[in-house]
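Novice: Questions regarding the structure given below will be posed in turn.
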Amino acid sequence: MTETTRPGGTSPEFAQAMGLVDLGIQACQAYDRLDLATRLAGAKRSLDDPGIYIVVVGDFKQGKSSLVNALLGTTICPVDDDVATDIPTYIRYGDEPRAELLRDGDPPEREPLELDDVGRYVIADEGQSPEDRPAGVIVQLPRKLLASGLVIVDTPGVGGLGSRHAAASLAATSMADAVLFATDASQELTAVEIEFLHRVREMCSTSVCVITKTDFYPAWRKIRDLNKQHLKDFPDMPVLTVSSTLRARAVRENDKELNTESGFPELVQFVTERVAGGAGARLAATAAAEVIAVCEQLTAQFESERSVLDDPAKSQHVLDELTRTKSKVEALRSAAAKWNQTLNDGIADLNSDVDHDLRARIRKLIDEADDLIDEFDPADRWPDIESWLEMATAEEIVANYTRLREQADALSEQVFKHFQEASGEILDRLAVYNPMDVVSRADVEHNIDLEKMNLRKQAMTALKSSYMGILMFTMLGSMAGITLGPIAVGIGLAMGLGGLRTEKKRQLANRRAQAKNAIRRYCDEVNFRVGKDSRDTLRRIQRQLRDHYSTRAEELNRSTAEALKASTEAAKRTKADRDRRIADIDAELDRLRELRRRAEAVVA
Amino acid sequence: MSLVDRTCAALDQAIAVYRGTEHAERLTAIRDRLDEPLRVAIAGRVKAGKSTLLNALVGERLAPTDAGECTRIITWYRDGHTYEVLAHPREGEPRQLRFSREEGALEIDLGGLEPDDVTELIVTWPSQALRTSTLIDTPGIGSLSRQTAARTWEVLADDDETPADAVLYLMRHLHPQDVQFLQAFHDAEVSRPNPVNAIGVLSRADEIGVGRLDSMASARKIAKRLSLDGRVRRVVQAVVPVAGLLAETAATVTETEVGQLRKISERSARSVENLLLTADRFVNQMPELGLTSIERSALLDRFGLFGVRLATALLRRGAVSTATELAAELTDRSGVNELRTVLESLFFERRDILKSRSALLALDALTRTEPRDGSEAVAAAVEEIIAGAHPFQELRVLSALRSGWVTGKPAVLEDLERIIGGAGGAVPDRLGLPAEADAADLAQVAGKALAGWQQRAENPLTSHELAIAARVAVRSCEGILAELSAQKPSVAVPAESGGA
């Protein structure tokens with residue numbers, strides 16, 4: 001199979017997990033449980049394309065795009081002496097080079113794009129109206145480095161902590177599996193860069209500081225040592241030095257020695273081992289946990305059948321028990337189920353809480369803006385106030401979203417608990433008649449952990465596709481469409497003695513009133529757009545979680561029904577038939593146990 | 001009475017009012033300052049190349065430069081008869097410091113003082129270049145040591161009084177911090193925000209293309225774009241690209257260095273390209289070159305990789321052969337000559353206005369914060385000058401234009417900006433004619449401009465703001481014509497348009 005040749009299995013667990021999932025799918029198909037096979041197919045998809053995000057951040061003009069180009073041996077990210085990268089570029093694996101434009105929307109729309117046109121969209125274009133601005137560019141390249149599912153994100157430069165881009169970069173790093181922080185060798189890290197790094201570290205702990213342009217600056221060793229000093233708070237953050245120019249040339253001329261000199265091998269090693277390897281192991285564990293969950297269902301189904309076969313006298317009792325279980329499963333599937341109510345109530349609560357939080361934040365912002373306007377003359381500080389407001393709004397929005405995310409996580413955990421209480425009991429009932437299984441019953445606690453981990457991942461996926469990363473850029477990007485606008489009226493030239501001061505005073509009061517109005521309009525618009533975005537996000541989360549647990553309940557339903565059917569038939573079998581069937585089932589159970597054992601080995 | 005005379009009179013009046021108070025001494029200093037050279041501060045973010053540019057402008061390696069953050073104390077460089085370094089400690093009397101010159105750069109022994117204890121250093125250095133302006137080297141903003149950064153704010157962004165009359169602001173690429181800084185530097189009263197006393201320098205221009213030989217062309221393009229950017233226009237008058245290191249080295253290049261560079265240029269183009277691929281290679285490879293790695297490192301320190309590439313290319317092509325020729329060529333390519341021209345037309349020709357402005361601002365702040373018997377009269381005098389003097393009216397219109405407060409057809413606004421001295425105060429600059437244009441042409445164009453602006457000022461359809469601006473332009477035209485007719489007897493030598 002092609003999957004196994006994928007270098008995604010840099011970690012041995014990854015290849016094992018692949019194999020296990022395939023085995024699990026075969027088993028499900030053999031037992032005619034297509035619902036469970038679909039579940040595993042999902043797990044397989046995320047192994048195939050795990051989406052390990054490496055976000056490249058840094059101040060602007062630090063050679064981020066060159067770094068990405070050199071790392072991948074491409075020229076897809078535009079590099080210009082003057083204009084800087086304006087929208088993020090996502091580079092992932094693809095058999096053929098291909099590019100797509102990402103537009104705002106839910107889900108984001110994709111338009112095919114010529115590769116040659118990528119540069120035109122990615123770099124800053126002053127003339128472009130904010131509405132036309134795409135949200136990002138997705139590029140697929142046939143690169144070995146990316147085949148493991150890495151997605152490298154080239155971001156716009158930070159441009160100081162106090163900018164919209166900075167908030168967007170931070171938001172992006174919160175979903176990143178690793179962060180490459182680029183800074184060039186022309187100077188040591190500045191106060192702004194260090195502060196930014198501190199905040200990045202709060203979001204994502206796997207990070208590396210890459211010092212670029214070592215070919216050009218003779219003093220790069222000194223800069224490196226100075227930077228290491230500045231970074232002594234982060235002992236686990238490697239400081240690497242690279243020259244993108246050398247690497248590009250090395251790739252062009254296929255020159256190994258030059259490549260070593262460029263410093264890139266160390267960066268590649270960091271990316272493949274620490275980032276892809278680490279994420280690969282995590283993903284493998286998640287997939288293996290899925291296999292275990294499926295094994296559990298199949299085992300339970302077989303075991304109830306086996307207990308009837310074992311002792312036909314007890315068959316009525318077992319069938320009664322199964323029928324009772326079935327009604328419990330029905331209850332679990334219904335809208336009145338506890339987990340379902342928890343979810344619905346939780347989302348409603350969350351909606352009003354997040355909305356209230358946003359309103360409170362914006363109100364605070366307006367107060368601060370008013371103070372600022374009273375302190376300064378808006379005529380000359382207006383652009384300042386505008387950029388301050390943009391920055392502060394971006395920060396508040398990110399904080400608001402973080403709150404949403406944390407609470408959504410907590411809610412998802414609670415829903416899980418309620419679902420688990422009910423479904424765990426069902427699984428227990430299904431399998432309770434097998435005396436051999438008492439030992440593995442001790443694993444129940446452990447299993448819950450696995451399931452929980454799965455759930456967490458599920459929540460993450462829901463959130464990832466719901467609002468973070470791409471959408472954060474999009475959102476903040478579309479905020480660029482909201483402007484304060486100039487406050488030109490009433491600003492004039494006053495000349496001559498006497499008039500100068502009084503006229504100035506009058507104009508100032510007028511300007512302040514206008515400025516305050518403009519701020520209110522702006523905040524209203526922000527409130528409206530962000531509020532709608534949060535509601536949409538919560539609706540998506542609700543749908544995602546509901547679908548997830550409904551499917552789980554459906555699977556249980558299938559398992560119970562199958563068990564009931566098999567048990568009913570078992571009671572009718574002849575003795576010889578029964579013995580043959582017991583032998584078959586024992587063999588199947590052994591196989592499932594074996595599969596489960598191997599999956600547990602991967603998880604551990 | 002010229003603007004400086006009027007300012008002096010106001011100061012004398014103030015000195016009389018504040019006699020016997022703690023402010024008297026400061027007022028005398030302000031008045032003395034009117035006779036001193038223009039004070040130009042060199043500011044910018046950390047490692048923008050401030051000290052290097054200072055050296056390039058002085059033509060000597062005075063200010064120490066280094067790969068790490070280097071300038072930690074505000075240092076004044078001024079002309080004088082003797083060589084002397086004076087430290088102003090935070091506490092206690094100023095004291096003289098011992099100094100030596102290591103490889104050209106000044107090495108100052110702080111004599112037991114910590115950098116944090118010293119508010120500023122005054123370096124007195126006999127130099128032709130310092131005669132027209134006193135240069136102030138500042139620690140960068142955005143520095144990791146907060147103390148250092150705070151100090152730059154102290155000297156440049158103080159609310160009521162700016163020790164500098166004008167500022168050269170170095171930026172490597174437009175950064176929000178740059179704009180914020182520049183706005184803080186600009187003052188309150190004469191008109192704000194004020195792009196009148198600041199010039200932007202796109203520094204380390206040779207690094208923009210990471211050392212490609214066409215880096216300077218790229219830098220020019222960027223500078224041009226920046227000077228059209230609204231945020232930049234509000235705060236600086238022009239943006240000039242300068243490769244500071246190249247300029248500094250060009251001013252002091254030696255025959256020995258040229259000899260070393262020649263050795264490199266004599267190798268084949270292909271091998272030189274490989275050698276100069278990276279700084280490390282240049283230091284370590286090709287032993288047959290006959291240069292030690294110490295010599296090579298020294299060349300890199302002096303020229304930078306770009307400089308070495310450029311110089312060897314020039315030598316190989318035979319474009320230059322001696323140190324003098326190389327110096328001329330490098331100076332030319334560094335962009336420092338353009339900066340000098342811009343400094344001349346935007347700062348030095350207006351030095352009286354800029355200096356008066358600094359003095360009046362200080363005076364205005366004093367009368368407001370420390371009122372005293374008779375100080376209202378001083379304040380009234382100051383306001384009269386600020387509101388009435390034509391040069392200030394020009395400045396006010398200029399900054400209103402730059403802030404986009406005056407609206408109209410772009411071509412008209414461009415004309416207006418030029419006529420009121422936005423591109424330089426000299427008559428040909430104002431009329432948009434070449435410097436060598438003869439008096440008759442100048443007079444003809446000026447006459448036409450006068451008529452045009454008069455019409456616009458009286459046209460009822462002209463917007464209120466533009467009409468006011470047009471009236472100022474009319475006076476500017478009248479001034480030009482008066483100046484031209486005063487010169488008529490002699491051959492047309494475009495003279496400065498001073499106060500009047």
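Just so we're on the same page: first chain in the structure tokens is A, next is B, and so on; residues restart at 1 for each chain, and ligands are numbered from 1 in the order they show up.
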If you count only C-alpha atoms, which residues fall within 12 Å of A:Cys204, apart from same-chain ones fewer than 4 positions away, as a PyMOL selection string?

Specialist: chain A and resi 53-55+169-181+197-200+208+237+275

Novice: I want to know what sits within 12 Å of A:Leu23, based on only C-alpha atoms, with residues of the same chain fewer than 6 positions away left out; could you give that as a ChimeraX atom specification?

Specialist: /A:16-17,29-30,37,40-41,44,288,291-292,294-295,591-592,594-596,598-599

Novice: I want to know what sits within 10 Å of A:Thr260, based on only C-alpha atoms, with residues of the same chain fewer than 3 positions away left out; could you give that as a PyMOL selection string?

Specialist: chain A and resi 242+246-247+250+255-257+263-266

Novice: For the structure I just gave you, how does DSSP split stretch 167-391 of chain A - specifically, which residues are alpha helix (DSSP H)? Reply as a PyMOL selection string.

Specialist: chain A and resi 167-174+191-203+220-230+244-253+256-262+264-269+278-310+315-333+338-375+378-391

Novice: May I have the selected residues written with C-alpha atoms, as a compact mmCIF listing (two decimals), in the first residue's frame?

Specialist:
```txt
# COMPACT_ATOMS: atom_id res chain seq x y z
CA ALA A 167 -2.62 39.20 17.22
CA ALA A 168 -3.28 37.11 14.14
CA SER A 169 0.16 35.52 14.33
CA LEU A 170 -0.39 34.71 17.98
CA ALA A 171 -3.76 33.19 17.22
CA ALA A 172 -2.18 31.09 14.51
CA THR A 173 0.55 29.86 16.82
CA SER A 174 -2.04 28.70 19.34
CA ALA A 191 12.65 44.11 23.07
CA VAL A 192 9.60 43.72 20.84
CA GLU A 193 10.79 40.39 19.51
CA ILE A 194 11.51 39.02 22.96
CA GLU A 195 8.11 40.07 24.23
CA PHE A 196 6.47 38.46 21.23
CA LEU A 197 8.43 35.26 21.83
CA HIS A 198 7.26 35.15 25.42
CA ARG A 199 3.69 35.24 24.24
CA VAL A 200 4.29 32.68 21.52
CA ARG A 201 5.70 30.35 24.13
CA GLU A 202 2.52 30.59 26.13
CA MET A 203 0.67 29.35 23.08
CA TRP A 220 26.46 36.31 12.88
CA ARG A 221 28.26 34.20 15.49
CA LYS A 222 28.32 37.14 17.83
CA ILE A 223 24.63 37.82 17.16
CA ARG A 224 23.87 34.16 17.80
CA ASP A 225 25.67 34.26 21.14
CA LEU A 226 23.92 37.48 22.13
CA ASN A 227 20.57 35.95 21.17
CA LYS A 228 21.30 32.82 23.16
CA GLN A 229 21.88 35.10 26.12
CA HIS A 230 18.56 36.84 25.53
CA SER A 244 18.67 30.66 2.73
CA THR A 245 20.82 31.89 -0.16
CA LEU A 246 23.29 29.04 0.30
CA ARG A 247 20.54 26.47 0.68
CA ALA A 248 18.81 27.65 -2.48
CA ARG A 249 22.06 27.32 -4.34
CA ALA A 250 22.81 23.95 -2.78
CA VAL A 251 19.41 22.67 -3.89
CA ARG A 252 19.92 24.07 -7.39
CA GLU A 253 23.37 22.58 -7.80
CA LYS A 256 25.77 18.43 -0.31
CA GLU A 257 28.66 20.37 1.16
CA LEU A 258 27.03 23.69 0.44
CA ASN A 259 23.85 22.39 2.03
CA THR A 260 25.73 21.55 5.22
CA GLU A 261 27.26 25.00 5.17
CA SER A 262 23.81 26.58 4.85
CA PHE A 264 19.59 23.79 6.95
CA PRO A 265 20.25 20.13 7.77
CA GLU A 266 19.83 20.96 11.46
CA LEU A 267 16.58 22.75 10.80
CA VAL A 268 15.29 19.86 8.71
CA GLN A 269 16.29 17.50 11.51
CA GLY A 278 6.45 14.12 18.07
CA ALA A 279 3.19 14.87 16.35
CA GLY A 280 3.36 11.54 14.51
CA ALA A 281 3.59 9.60 17.75
CA ARG A 282 0.65 11.55 19.16
CA LEU A 283 -1.45 10.86 16.10
CA ALA A 284 -0.51 7.18 16.13
CA ALA A 285 -1.70 6.93 19.72
CA THR A 286 -5.00 8.57 18.85
CA ALA A 287 -5.59 6.22 15.93
CA ALA A 288 -4.71 3.18 18.04
CA ALA A 289 -7.21 4.35 20.64
CA GLU A 290 -9.89 4.32 17.95
CA VAL A 291 -8.95 0.76 17.10
CA ILE A 292 -9.31 -0.20 20.77
CA ALA A 293 -12.74 1.40 20.97
CA VAL A 294 -13.88 -0.54 17.91
CA CYS A 295 -12.44 -3.78 19.30
CA GLU A 296 -14.40 -3.19 22.46
CA GLN A 297 -17.68 -2.95 20.58
CA LEU A 298 -17.03 -6.04 18.49
CA THR A 299 -15.87 -8.01 21.50
CA ALA A 300 -18.95 -7.08 23.48
CA GLN A 301 -21.17 -8.18 20.64
CA PHE A 302 -19.44 -11.58 20.34
CA GLU A 303 -19.31 -12.17 24.04
CA SER A 304 -23.03 -11.87 24.63
CA GLU A 305 -23.58 -14.32 21.80
CA ARG A 306 -21.01 -16.66 23.28
CA SER A 307 -22.58 -16.63 26.73
CA VAL A 308 -25.87 -17.83 25.19
CA LEU A 309 -24.04 -20.52 23.23
CA ASP A 310 -22.19 -21.57 26.36
CA SER A 315 -30.57 -17.69 27.05
CA GLN A 316 -33.86 -16.14 28.13
CA HIS A 317 -32.14 -14.24 30.88
CA VAL A 318 -29.51 -12.94 28.48
CA LEU A 319 -32.10 -11.98 25.92
CA ASP A 320 -34.09 -10.09 28.54
CA GLU A 321 -30.98 -8.33 29.62
CA LEU A 322 -30.14 -7.41 26.03
CA THR A 323 -33.62 -6.10 25.41
CA ARG A 324 -33.33 -3.91 28.50
CA THR A 325 -29.96 -2.68 27.22
CA LYS A 326 -31.49 -1.94 23.89
CA SER A 327 -34.04 0.34 25.46
CA LYS A 328 -31.22 2.07 27.30
CA VAL A 329 -29.45 2.61 24.02
CA GLU A 330 -32.67 4.01 22.59
CA ALA A 331 -32.72 6.46 25.43
CA LEU A 332 -29.12 7.40 24.74
CA ARG A 333 -30.01 8.13 21.14
CA LYS A 338 -28.65 13.60 29.39
CA TRP A 339 -25.62 14.26 27.19
CA ASN A 340 -27.81 15.82 24.55
CA GLN A 341 -29.44 18.12 27.06
CA THR A 342 -26.10 19.02 28.55
CA LEU A 343 -24.89 19.92 25.09
CA ASN A 344 -27.91 22.01 24.16
CA ASP A 345 -28.05 23.86 27.47
CA GLY A 346 -24.30 24.28 27.47
CA ILE A 347 -24.23 25.85 24.03
CA ALA A 348 -27.03 28.23 24.96
CA ASP A 349 -25.21 29.26 28.14
CA LEU A 350 -21.97 29.61 26.26
CA ASN A 351 -23.62 31.78 23.66
CA SER A 352 -24.83 34.30 26.16
CA ASP A 353 -21.64 34.16 28.20
CA VAL A 354 -19.35 34.75 25.23
CA ASP A 355 -21.59 37.48 23.94
CA HIS A 356 -21.64 39.19 27.30
CA ASP A 357 -17.88 38.86 27.58
CA LEU A 358 -17.43 40.47 24.18
CA ARG A 359 -19.77 43.32 25.03
CA ALA A 360 -17.97 43.96 28.29
CA ARG A 361 -14.62 43.98 26.54
CA ILE A 362 -15.80 46.36 23.86
CA ARG A 363 -17.34 48.66 26.42
CA LYS A 364 -14.05 48.80 28.24
CA LEU A 365 -12.35 49.58 24.95
CA ILE A 366 -14.70 52.46 24.25
CA ASP A 367 -13.99 53.91 27.69
CA GLU A 368 -10.27 53.70 27.10
CA ALA A 369 -10.63 55.25 23.67
CA ASP A 370 -12.63 58.14 25.13
CA ASP A 371 -9.92 58.79 27.68
CA LEU A 372 -7.34 58.73 24.94
CA ILE A 373 -9.29 61.18 22.83
CA ASP A 374 -9.73 63.53 25.78
CA GLU A 375 -6.03 63.40 26.39
CA PRO A 378 -7.48 63.45 17.50
CA ALA A 379 -6.35 65.51 14.56
CA ASP A 380 -2.76 64.54 14.92
CA ARG A 381 -3.08 61.32 16.88
CA TRP A 382 -5.90 59.88 14.82
CA PRO A 383 -3.78 57.33 12.93
CA ASP A 384 -2.26 56.37 16.29
CA ILE A 385 -5.65 55.94 17.85
CA GLU A 386 -6.78 53.98 14.85
CA SER A 387 -3.89 51.56 14.99
CA TRP A 388 -4.16 51.34 18.78
CA LEU A 389 -7.85 50.56 18.45
CA GLU A 390 -7.20 47.95 15.79
CA MET A 391 -4.58 46.31 17.95
```

Novice: Which one is closest to chain B: A:Gly277, A:Pro312, A:Gly424, A:Pro218? Count only C-alpha atoms.

Specialist: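 Smallest separation from chain B among the options: A:Pro218.
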
Novice: With only C-alpha atoms as the atoms that count, which of A:Thr155, A:Leu102, A:Thr38, A:Glu13 lies nearest to A:Arg552?

Specialist: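 Distance minimum relative to A:Arg552 lands on A:Thr38.
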
Novice: Check the smallest atom-to-atom distance from each of B:Arg302, B:Arg31, B:Lys448, B:Arg204 to B:Val336 using only C-alpha atoms, then report the winner.

Specialist: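 So, comparing all the options, the nearest one is B:Arg204.
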
Novice: If we count only C-alpha atoms and set the cut-off at 6 Å, which residues sit around B:Ala198, ignoring sequence neighbours fewer than 6 positions away in its own chain? Please answer as a PyMOL selection string.

Specialist: chain B and resi 166-168+236

Novice: Produce a file of the selected residues containing C-alpha atoms, as a PDB file, in the first residue's frame.

Specialist:
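Just written: again21.pdb:
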```
ATOM      1  CA  ALA B 166      15.930  68.902  13.578  1.00  0.00           C
ATOM      2  CA  VAL B 167      16.131  65.181  13.381  1.00  0.00           C
ATOM      3  CA  LEU B 168      17.418  62.648  10.925  1.00  0.00           C
ATOM      4  CA  VAL B 236       9.089  63.486   7.615  1.00  0.00           C
TER       5      VAL B 236
END
```
